[in-house]
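**Q** Take a look at input.cif, mmCIF, C-alpha atoms:
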```
data_work
loop_
_atom_site.label_atom_id
_atom_site.label_comp_id
_atom_site.auth_asym_id
_atom_site.auth_seq_id
_atom_site.Cartn_x
_atom_site.Cartn_y
_atom_site.Cartn_z
CA MET A 1 -6.19 15.60 1.94
CA ALA A 2 -6.63 19.04 3.47
CA TRP A 3 -4.68 17.94 6.55
CA LEU A 4 -1.87 16.64 4.34
CA HIS A 5 -1.73 20.00 2.51
CA ARG A 6 -1.52 21.93 5.79
CA HIS A 7 1.11 19.68 7.43
CA PRO A 8 3.93 18.89 4.98
CA VAL A 9 6.41 17.40 7.45
CA PRO A 10 4.00 14.80 8.92
CA ALA A 11 2.80 14.13 5.36
CA PHE A 12 6.39 13.40 4.34
CA LEU A 13 6.88 11.08 7.32
CA LEU A 14 3.61 9.31 6.54
CA LEU A 15 4.73 9.03 2.91
CA GLY A 16 7.90 7.21 3.98
CA LEU A 17 6.07 4.94 6.42
CA SER A 18 3.43 3.96 3.88
CA PHE A 19 6.15 3.30 1.28
CA LEU A 20 7.91 0.93 3.68
CA LEU A 21 4.66 -0.83 4.59
CA PHE A 22 3.80 -1.27 0.92
CA GLY A 23 7.24 -2.72 0.23
CA VAL A 24 7.12 -5.13 3.15
CA GLY A 25 3.58 -6.17 2.25
CA THR A 26 4.44 -7.06 -1.33
CA VAL A 27 7.94 -8.53 -1.11
CA ASN A 28 7.04 -12.20 -1.38
CA LEU A 29 3.30 -11.88 -1.93
CA VAL A 30 3.29 -13.11 -5.54
CA LEU A 31 5.63 -16.00 -4.80
CA LEU A 32 3.61 -17.12 -1.77
CA LEU A 33 0.34 -16.89 -3.70
CA GLN A 34 1.80 -19.03 -6.50
CA LEU A 35 3.02 -21.64 -4.03
CA ASN A 36 -0.32 -21.66 -2.23
CA LEU A 37 -2.26 -22.13 -5.45
CA ARG A 38 0.15 -24.85 -6.62
CA LEU A 39 -0.43 -26.68 -3.33
CA TRP A 40 -4.18 -26.46 -3.95
CA LEU A 41 -3.78 -27.86 -7.45
CA ASP A 42 -1.49 -30.68 -6.32
CA THR A 43 -3.37 -31.86 -3.23
CA GLY A 44 -6.91 -30.57 -3.74
CA TRP A 45 -9.20 -30.20 -0.75
CA GLN A 46 -6.63 -31.81 1.55
CA ALA A 47 -4.64 -28.54 1.29
CA ALA A 48 -7.55 -26.68 2.88
CA MET A 49 -7.63 -29.19 5.71
CA ASP A 50 -3.91 -28.64 6.27
CA GLY A 51 -4.25 -24.85 6.58
CA ALA A 52 -3.85 -23.64 3.00
CA LEU A 53 -7.28 -22.00 3.05
CA ARG A 54 -6.34 -19.93 6.10
CA GLN A 55 -3.01 -19.06 4.52
CA LEU A 56 -4.75 -17.97 1.32
CA GLY A 57 -7.03 -15.69 3.34
CA GLU A 58 -4.03 -14.20 5.15
CA LEU A 59 -2.25 -13.60 1.85
CA LEU A 60 -5.29 -11.84 0.41
CA LEU A 61 -5.59 -9.65 3.52
CA SER A 62 -1.89 -8.85 3.25
CA GLY A 63 -2.44 -7.81 -0.36
CA TYR A 64 -5.29 -5.49 0.59
CA ALA A 65 -3.23 -3.99 3.44
CA ALA A 66 -0.39 -3.33 0.97
CA MET A 67 -2.87 -1.71 -1.41
CA ALA A 68 -4.17 0.54 1.40
CA ALA A 69 -0.58 1.57 2.19
CA TYR A 70 -0.08 2.38 -1.50
CA ILE A 71 -3.19 4.59 -1.52
CA VAL A 72 -1.91 6.47 1.55
CA PHE A 73 1.45 6.84 -0.21
CA LYS A 74 -0.19 8.28 -3.36
CA CYS A 75 -2.31 10.75 -1.34
CA CYS A 76 0.76 12.01 0.53
CA GLU A 77 2.71 12.22 -2.72
CA LYS A 78 -0.05 14.24 -4.40
CA ALA A 79 -0.32 16.68 -1.50
CA LEU A 80 3.44 17.21 -1.32
CA VAL A 81 3.90 17.60 -5.08
CA GLU A 82 1.06 20.11 -5.24
CA ARG A 83 2.58 22.06 -2.35
CA LEU A 84 6.06 22.05 -3.90
CA THR A 85 4.92 23.01 -7.41
CA ARG A 86 2.53 25.79 -6.41
CA ARG A 87 3.17 29.13 -8.10
CA ASP A 88 3.95 32.26 -6.07
CA GLU A 89 0.56 33.85 -6.81
CA ASP A 90 -1.17 30.70 -5.56
CA LYS A 91 0.78 30.92 -2.29
CA ARG A 92 -0.55 34.42 -1.59
CA LYS A 93 -4.20 33.27 -1.61
#
```
If you convert what's in this file into structure tokens, what do you get?
**A**
Amino acid sequence: MAWLHRHPVPAFLLLGLSFLLFGVGTVNLVLLLQLNLRLWLDTGWQAAMDGALRQLGELLLSGYAAMAAYIVFKCCEKALVERLTRRDEDKRK
């Protein structure tokens, strides 16, 4: 966080990148998870044999990667908002 406070331009660029990664990571995530789970319910263990188990693991990892990008986004946002809303007497310290 200290680095983000000291470097506002890279923090802003990182904010944009993490926002894009979060968006890409979550676009079809819910739909694909629903379809994967429906396949499991319809075909049972045969779905795992056909690759649905691997796909489910990949979808869960994609969800966690999107969540990590969201956390980076929120950290950058917090640092930039604090920097922009600082009072003049705080800037002199």
**Q** Go through A:Asp42, A:Glu58, A:Asp50, A:Glu77 and flag the residue nearest A:Ala11, using only C-alpha atoms for the distances.
**A**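 Residue with the minimum atom-to-atom distance to A:Ala11: A:Glu77.
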**Q** Could you state which residues are captured by the PyMOL selection byres ((chain A and resi 2) around 12) in this file, as a ChimeraX atom specification?
**A** /A:1,3-8,11,75-76,78-80,82-83
**Q** For the provided coordinates, the residues matched by the PyMOL selection byres ((chain A and resi 25-40) around 9) should be stated as a PyMOL selection string.
**A** chain A and resi 20-24+41-48+52-53+55-56+59-60+62-63+65-67+69
**Q** So, with only C-alpha atoms as the atoms that count, which of A:Leu61, A:Phe73, A:Gly51, A:Ala68 lies closest to A:Leu15?
**A**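 Distance minimum relative to A:Leu15 lands on A:Phe73.
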**Q** What does the distance from atom CA of A:Ile71 to atom CA of A:Arg87 come to in Å, to one decimal?
**A**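 Computed distance, atom CA of A:Ile71 to atom CA of A:Arg87, equals 26.2 Å.
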**Q** How far is it from atom CA of A:Thr85 to atom CA of A:Leu13, in Å with one decimal?
**A**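 Between atom CA of A:Thr85 and atom CA of A:Leu13 the gap works out to 19.1 Å.
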**Q** For stretch 29-73 of chain A, write N, CA and C atoms out as a PDB file, in the first residue's frame.
**A**
```
ATOM      1  N   LEU A  29     -18.307 -16.496 -16.275  1.00  0.00           N
ATOM      2  CA  LEU A  29     -18.012 -17.445 -15.211  1.00  0.00           C
ATOM      3  C   LEU A  29     -19.272 -18.085 -14.633  1.00  0.00           C
ATOM      4  N   VAL A  30     -20.281 -17.302 -14.339  1.00  0.00           N
ATOM      5  CA  VAL A  30     -21.504 -17.840 -13.745  1.00  0.00           C
ATOM      6  C   VAL A  30     -22.213 -18.769 -14.730  1.00  0.00           C
ATOM      7  N   LEU A  31     -22.300 -18.357 -15.973  1.00  0.00           N
ATOM      8  CA  LEU A  31     -22.956 -19.186 -16.983  1.00  0.00           C
ATOM      9  C   LEU A  31     -22.224 -20.518 -17.152  1.00  0.00           C
ATOM     10  N   LEU A  32     -20.899 -20.466 -17.252  1.00  0.00           N
ATOM     11  CA  LEU A  32     -20.137 -21.699 -17.431  1.00  0.00           C
ATOM     12  C   LEU A  32     -20.230 -22.614 -16.213  1.00  0.00           C
ATOM     13  N   LEU A  33     -20.240 -22.036 -15.020  1.00  0.00           N
ATOM     14  CA  LEU A  33     -20.409 -22.855 -13.816  1.00  0.00           C
ATOM     15  C   LEU A  33     -21.782 -23.529 -13.800  1.00  0.00           C
ATOM     16  N   GLN A  34     -22.815 -22.811 -14.182  1.00  0.00           N
ATOM     17  CA  GLN A  34     -24.158 -23.399 -14.243  1.00  0.00           C
ATOM     18  C   GLN A  34     -24.209 -24.555 -15.242  1.00  0.00           C
ATOM     19  N   LEU A  35     -23.630 -24.344 -16.413  1.00  0.00           N
ATOM     20  CA  LEU A  35     -23.633 -25.393 -17.429  1.00  0.00           C
ATOM     21  C   LEU A  35     -22.835 -26.607 -16.969  1.00  0.00           C
ATOM     22  N   ASN A  36     -21.701 -26.365 -16.307  1.00  0.00           N
ATOM     23  CA  ASN A  36     -20.883 -27.460 -15.811  1.00  0.00           C
ATOM     24  C   ASN A  36     -21.638 -28.272 -14.759  1.00  0.00           C
ATOM     25  N   LEU A  37     -22.283 -27.577 -13.836  1.00  0.00           N
ATOM     26  CA  LEU A  37     -23.026 -28.279 -12.793  1.00  0.00           C
ATOM     27  C   LEU A  37     -24.246 -29.009 -13.358  1.00  0.00           C
ATOM     28  N   ARG A  38     -24.886 -28.433 -14.372  1.00  0.00           N
ATOM     29  CA  ARG A  38     -26.017 -29.104 -15.018  1.00  0.00           C
ATOM     30  C   ARG A  38     -25.551 -30.384 -15.709  1.00  0.00           C
ATOM     31  N   LEU A  39     -24.378 -30.326 -16.341  1.00  0.00           N
ATOM     32  CA  LEU A  39     -23.807 -31.518 -16.966  1.00  0.00           C
ATOM     33  C   LEU A  39     -23.565 -32.604 -15.926  1.00  0.00           C
ATOM     34  N   TRP A  40     -23.044 -32.200 -14.758  1.00  0.00           N
ATOM     35  CA  TRP A  40     -22.821 -33.166 -13.677  1.00  0.00           C
ATOM     36  C   TRP A  40     -24.132 -33.804 -13.236  1.00  0.00           C
ATOM     37  N   LEU A  41     -25.160 -32.983 -13.090  1.00  0.00           N
ATOM     38  CA  LEU A  41     -26.452 -33.513 -12.648  1.00  0.00           C
ATOM     39  C   LEU A  41     -27.091 -34.421 -13.689  1.00  0.00           C
ATOM     40  N   ASP A  42     -26.910 -34.103 -14.965  1.00  0.00           N
ATOM     41  CA  ASP A  42     -27.522 -34.889 -16.026  1.00  0.00           C
ATOM     42  C   ASP A  42     -26.802 -36.216 -16.277  1.00  0.00           C
ATOM     43  N   THR A  43     -25.482 -36.207 -16.242  1.00  0.00           N
ATOM     44  CA  THR A  43     -24.730 -37.403 -16.633  1.00  0.00           C
ATOM     45  C   THR A  43     -23.996 -38.075 -15.484  1.00  0.00           C
ATOM     46  N   GLY A  44     -23.951 -37.438 -14.326  1.00  0.00           N
ATOM     47  CA  GLY A  44     -23.292 -38.060 -13.174  1.00  0.00           C
ATOM     48  C   GLY A  44     -21.789 -38.153 -13.339  1.00  0.00           C
ATOM     49  N   TRP A  45     -21.245 -39.284 -12.881  1.00  0.00           N
ATOM     50  CA  TRP A  45     -19.784 -39.453 -12.855  1.00  0.00           C
ATOM     51  C   TRP A  45     -19.195 -39.515 -14.262  1.00  0.00           C
ATOM     52  N   GLN A  46     -19.990 -39.850 -15.249  1.00  0.00           N
ATOM     53  CA  GLN A  46     -19.501 -39.890 -16.627  1.00  0.00           C
ATOM     54  C   GLN A  46     -19.000 -38.506 -17.061  1.00  0.00           C
ATOM     55  N   ALA A  47     -19.594 -37.440 -16.512  1.00  0.00           N
ATOM     56  CA  ALA A  47     -19.141 -36.077 -16.831  1.00  0.00           C
ATOM     57  C   ALA A  47     -17.694 -35.877 -16.396  1.00  0.00           C
ATOM     58  N   ALA A  48     -17.344 -36.429 -15.233  1.00  0.00           N
ATOM     59  CA  ALA A  48     -15.959 -36.302 -14.760  1.00  0.00           C
ATOM     60  C   ALA A  48     -15.014 -37.037 -15.695  1.00  0.00           C
ATOM     61  N   MET A  49     -15.436 -38.167 -16.183  1.00  0.00           N
ATOM     62  CA  MET A  49     -14.605 -38.945 -17.104  1.00  0.00           C
ATOM     63  C   MET A  49     -14.412 -38.220 -18.431  1.00  0.00           C
ATOM     64  N   ASP A  50     -15.384 -37.399 -18.795  1.00  0.00           N
ATOM     65  CA  ASP A  50     -15.315 -36.663 -20.063  1.00  0.00           C
ATOM     66  C   ASP A  50     -14.635 -35.297 -19.924  1.00  0.00           C
ATOM     67  N   GLY A  51     -14.134 -34.956 -18.757  1.00  0.00           N
ATOM     68  CA  GLY A  51     -13.383 -33.710 -18.587  1.00  0.00           C
ATOM     69  C   GLY A  51     -14.092 -32.627 -17.812  1.00  0.00           C
ATOM     70  N   ALA A  52     -15.283 -32.900 -17.303  1.00  0.00           N
ATOM     71  CA  ALA A  52     -16.015 -31.863 -16.572  1.00  0.00           C
ATOM     72  C   ALA A  52     -15.353 -31.538 -15.235  1.00  0.00           C
ATOM     73  N   LEU A  53     -14.695 -32.519 -14.634  1.00  0.00           N
ATOM     74  CA  LEU A  53     -14.005 -32.269 -13.365  1.00  0.00           C
ATOM     75  C   LEU A  53     -12.839 -31.294 -13.570  1.00  0.00           C
ATOM     76  N   ARG A  54     -12.096 -31.511 -14.625  1.00  0.00           N
ATOM     77  CA  ARG A  54     -10.985 -30.590 -14.941  1.00  0.00           C
ATOM     78  C   ARG A  54     -11.528 -29.196 -15.253  1.00  0.00           C
ATOM     79  N   GLN A  55     -12.608 -29.146 -16.017  1.00  0.00           N
ATOM     80  CA  GLN A  55     -13.202 -27.856 -16.358  1.00  0.00           C
ATOM     81  C   GLN A  55     -13.705 -27.138 -15.105  1.00  0.00           C
ATOM     82  N   LEU A  56     -14.298 -27.880 -14.179  1.00  0.00           N
ATOM     83  CA  LEU A  56     -14.759 -27.274 -12.939  1.00  0.00           C
ATOM     84  C   LEU A  56     -13.592 -26.691 -12.155  1.00  0.00           C
ATOM     85  N   GLY A  57     -12.485 -27.411 -12.094  1.00  0.00           N
ATOM     86  CA  GLY A  57     -11.283 -26.898 -11.427  1.00  0.00           C
ATOM     87  C   GLY A  57     -10.760 -25.626 -12.086  1.00  0.00           C
ATOM     88  N   GLU A  58     -10.750 -25.614 -13.411  1.00  0.00           N
ATOM     89  CA  GLU A  58     -10.303 -24.429 -14.147  1.00  0.00           C
ATOM     90  C   GLU A  58     -11.225 -23.238 -13.896  1.00  0.00           C
ATOM     91  N   LEU A  59     -12.520 -23.494 -13.827  1.00  0.00           N
ATOM     92  CA  LEU A  59     -13.476 -22.418 -13.556  1.00  0.00           C
ATOM     93  C   LEU A  59     -13.291 -21.855 -12.153  1.00  0.00           C
ATOM     94  N   LEU A  60     -13.047 -22.730 -11.196  1.00  0.00           N
ATOM     95  CA  LEU A  60     -12.811 -22.258  -9.823  1.00  0.00           C
ATOM     96  C   LEU A  60     -11.521 -21.444  -9.737  1.00  0.00           C
ATOM     97  N   LEU A  61     -10.465 -21.903 -10.411  1.00  0.00           N
ATOM     98  CA  LEU A  61      -9.219 -21.126 -10.436  1.00  0.00           C
ATOM     99  C   LEU A  61      -9.427 -19.776 -11.116  1.00  0.00           C
ATOM    100  N   SER A  62     -10.202 -19.754 -12.166  1.00  0.00           N
ATOM    101  CA  SER A  62     -10.512 -18.499 -12.851  1.00  0.00           C
ATOM    102  C   SER A  62     -11.258 -17.547 -11.912  1.00  0.00           C
ATOM    103  N   GLY A  63     -12.157 -18.090 -11.118  1.00  0.00           N
ATOM    104  CA  GLY A  63     -12.879 -17.271 -10.146  1.00  0.00           C
ATOM    105  C   GLY A  63     -11.951 -16.676  -9.099  1.00  0.00           C
ATOM    106  N   TYR A  64     -11.016 -17.484  -8.603  1.00  0.00           N
ATOM    107  CA  TYR A  64     -10.065 -16.972  -7.619  1.00  0.00           C
ATOM    108  C   TYR A  64      -9.104 -15.947  -8.230  1.00  0.00           C
ATOM    109  N   ALA A  65      -8.719 -16.147  -9.485  1.00  0.00           N
ATOM    110  CA  ALA A  65      -7.867 -15.158 -10.158  1.00  0.00           C
ATOM    111  C   ALA A  65      -8.616 -13.839 -10.333  1.00  0.00           C
ATOM    112  N   ALA A  66      -9.905 -13.912 -10.672  1.00  0.00           N
ATOM    113  CA  ALA A  66     -10.714 -12.701 -10.803  1.00  0.00           C
ATOM    114  C   ALA A  66     -10.849 -12.006  -9.452  1.00  0.00           C
ATOM    115  N   MET A  67     -10.995 -12.781  -8.386  1.00  0.00           N
ATOM    116  CA  MET A  67     -11.100 -12.198  -7.053  1.00  0.00           C
ATOM    117  C   MET A  67      -9.784 -11.508  -6.657  1.00  0.00           C
ATOM    118  N   ALA A  68      -8.651 -12.108  -7.010  1.00  0.00           N
ATOM    119  CA  ALA A  68      -7.356 -11.480  -6.726  1.00  0.00           C
ATOM    120  C   ALA A  68      -7.222 -10.162  -7.493  1.00  0.00           C
ATOM    121  N   ALA A  69      -7.670 -10.141  -8.749  1.00  0.00           N
ATOM    122  CA  ALA A  69      -7.629  -8.904  -9.531  1.00  0.00           C
ATOM    123  C   ALA A  69      -8.525  -7.844  -8.891  1.00  0.00           C
ATOM    124  N   TYR A  70      -9.659  -8.254  -8.342  1.00  0.00           N
ATOM    125  CA  TYR A  70     -10.558  -7.311  -7.677  1.00  0.00           C
ATOM    126  C   TYR A  70      -9.904  -6.731  -6.421  1.00  0.00           C
ATOM    127  N   ILE A  71      -9.183  -7.545  -5.677  1.00  0.00           N
ATOM    128  CA  ILE A  71      -8.498  -7.066  -4.476  1.00  0.00           C
ATOM    129  C   ILE A  71      -7.422  -6.051  -4.852  1.00  0.00           C
ATOM    130  N   VAL A  72      -6.668  -6.329  -5.912  1.00  0.00           N
ATOM    131  CA  VAL A  72      -5.664  -5.366  -6.389  1.00  0.00           C
ATOM    132  C   VAL A  72      -6.352  -4.071  -6.802  1.00  0.00           C
ATOM    133  N   PHE A  73      -7.471  -4.185  -7.500  1.00  0.00           N
ATOM    134  CA  PHE A  73      -8.238  -3.012  -7.914  1.00  0.00           C
ATOM    135  C   PHE A  73      -8.643  -2.174  -6.699  1.00  0.00           C
TER     136      PHE A  73
END
```
